[in-house]
Amino acid sequence: MSRAAQVLLAVVLAGCGTLSVSDEEDLGVRFEREVRREYRFLGDPVVNQYVTRIGEDILRTMGPQPFEYTFTVVEHPDINAFAGPGGHIYVHTGTIVRTRNVAELAGVIAHEIGHVSHRHVAKNYEKQRAASVGRRAAVIGAGILGGQPAAGAANLLTGVGLAAVLNSFGREDEREADDFAVNALPQAGYDPEGLPSFFETLVAEGGAKVPQFLSSHPAPDERLETTRAAIAAESLPPDLRSDDNGKLEIIQQRIGLLTRGSAQPDRR
Ligand SMILES: [Zn+2]
């Protein structure tokens with residue numbers, strides 16, 4: 001890297017701290033636009049409201065939050081869920097139709113809220129920004145040395161790529177989000193067993209298509225054991241909900257009708 005590029009890199013990196021809450025909010029709005037461009041949102045108010053209500057049940061256990069959380073249903077058959085900056089949470093229809101009860105779905109949503117509230121998404125954004133600045137500085141440096149124009153050096157991520165990078169969480173982050181879910185679920189009235197129970201489905205799905213929800217370490221079977229142990233160590237209040245009197249099943253059927261089977265898992 002040239003001297004000029006080194007100086008540029010040092011200057012830009014010095015400006016990288018933890019993302020402020022208001023910057024994260026702005027970024028969340030831009031992220032939402034990007035995601036909307038590349039994913040198809042299920043624009044059904046009944047399904048959206050169902051998912052949002054579960055999210056709000058979890059949020060109520062947390063006290064005042066810096067972000068306005070939003071919950072969006074993405075029309076996609078794969079099991080997946082992801083978080084954007086500023087409290088934007090996305091759940092695939094493939095996840096909703098594969099959950100066996102509302103506690104499992106609440107577990108997935110709580111896990112994603114955990115990533116946002118622990119600022120994991122903000123941290124990943126800072127990491128990728130530093131990396132892309134580094135890449136650009138290196139290319140600019142090479143350009144200066146080689147006498148080539150630096151134009152075209154910017155290779156910033158957009159849409160799906162950005163969603164993937166912002167959601168590539170490490171072992172510690174996943175554990176923290178799982179811990180958050182195990183604690184928040186019973187406070188919201190849901191059986192925390194929903195989370196390990198959903199991991200069983202992920203384990204059964206096995207290798208072929210690894211959804212983002214479990215793309216990083218540790219493996220779902222390990223998370224299944226860890227979360228079960230954490231739940232066993234808690235003293236839980238009675239009357240925790242696992243199902244919601246057939247509401248989830250109605251939502252699942254509705255998704256099936258609205259997507260005419262396209263949101264069903266691929267069974268090749
Ligand atoms: Zn996660």
# chains A, B, ... in the order shown; residues from 1 in each chain; ligands from 1
$ residues_around --residues "Glu75 in chain A" --least-positions-apart "2" --cutoff "12 Å" --atoms "only C-alpha atoms" --output "number ranges by chain"
A: 36, 38-44, 47-48, 72-73, 77-81, 90-97, 255-256, 258-265
$ select_by_dssp --residues "range 29-231 of chain A" --states "strand (DSSP E or B)" --output "MDAnalysis selection string"
chainID A and resid 41 70:74 81:83 88:92 190
$ residues_near_ligand --ligand "ligand 1" --cutoff "12 Å" --atoms "only C-alpha atoms and all ligand atoms" --output "PyMOL selection string"
chain A and resi 80-84+89+107-116+118+120-121+164+166-181+195+199+211-220+223
$ residues_around --residues "Leu19 in chain A" --least-positions-apart "6" --cutoff "10 Å" --atoms "only C-alpha atoms" --output "list in words"
Glu25, Leu27, Pro85, Arg119, Val121, Ala122, Lys123, Tyr125 and Glu126 of chain A
$ closest_residue --among "A:Leu185, A:Ala163, A:Leu248, A:Ile58" --to "Phe31 in chain A" --atoms "only C-alpha atoms"
A:Ala163
$ select_by_dssp --residues "range 13-200 of chain A" --states "helix (DSSP H, G or I)" --output "VMD selection string"
chain A and resid 13 to 14 21 to 38 45 to 59 85 to 87 93 to 98 102 to 117 120 to 146 159 to 166 171 to 187 194 to 200
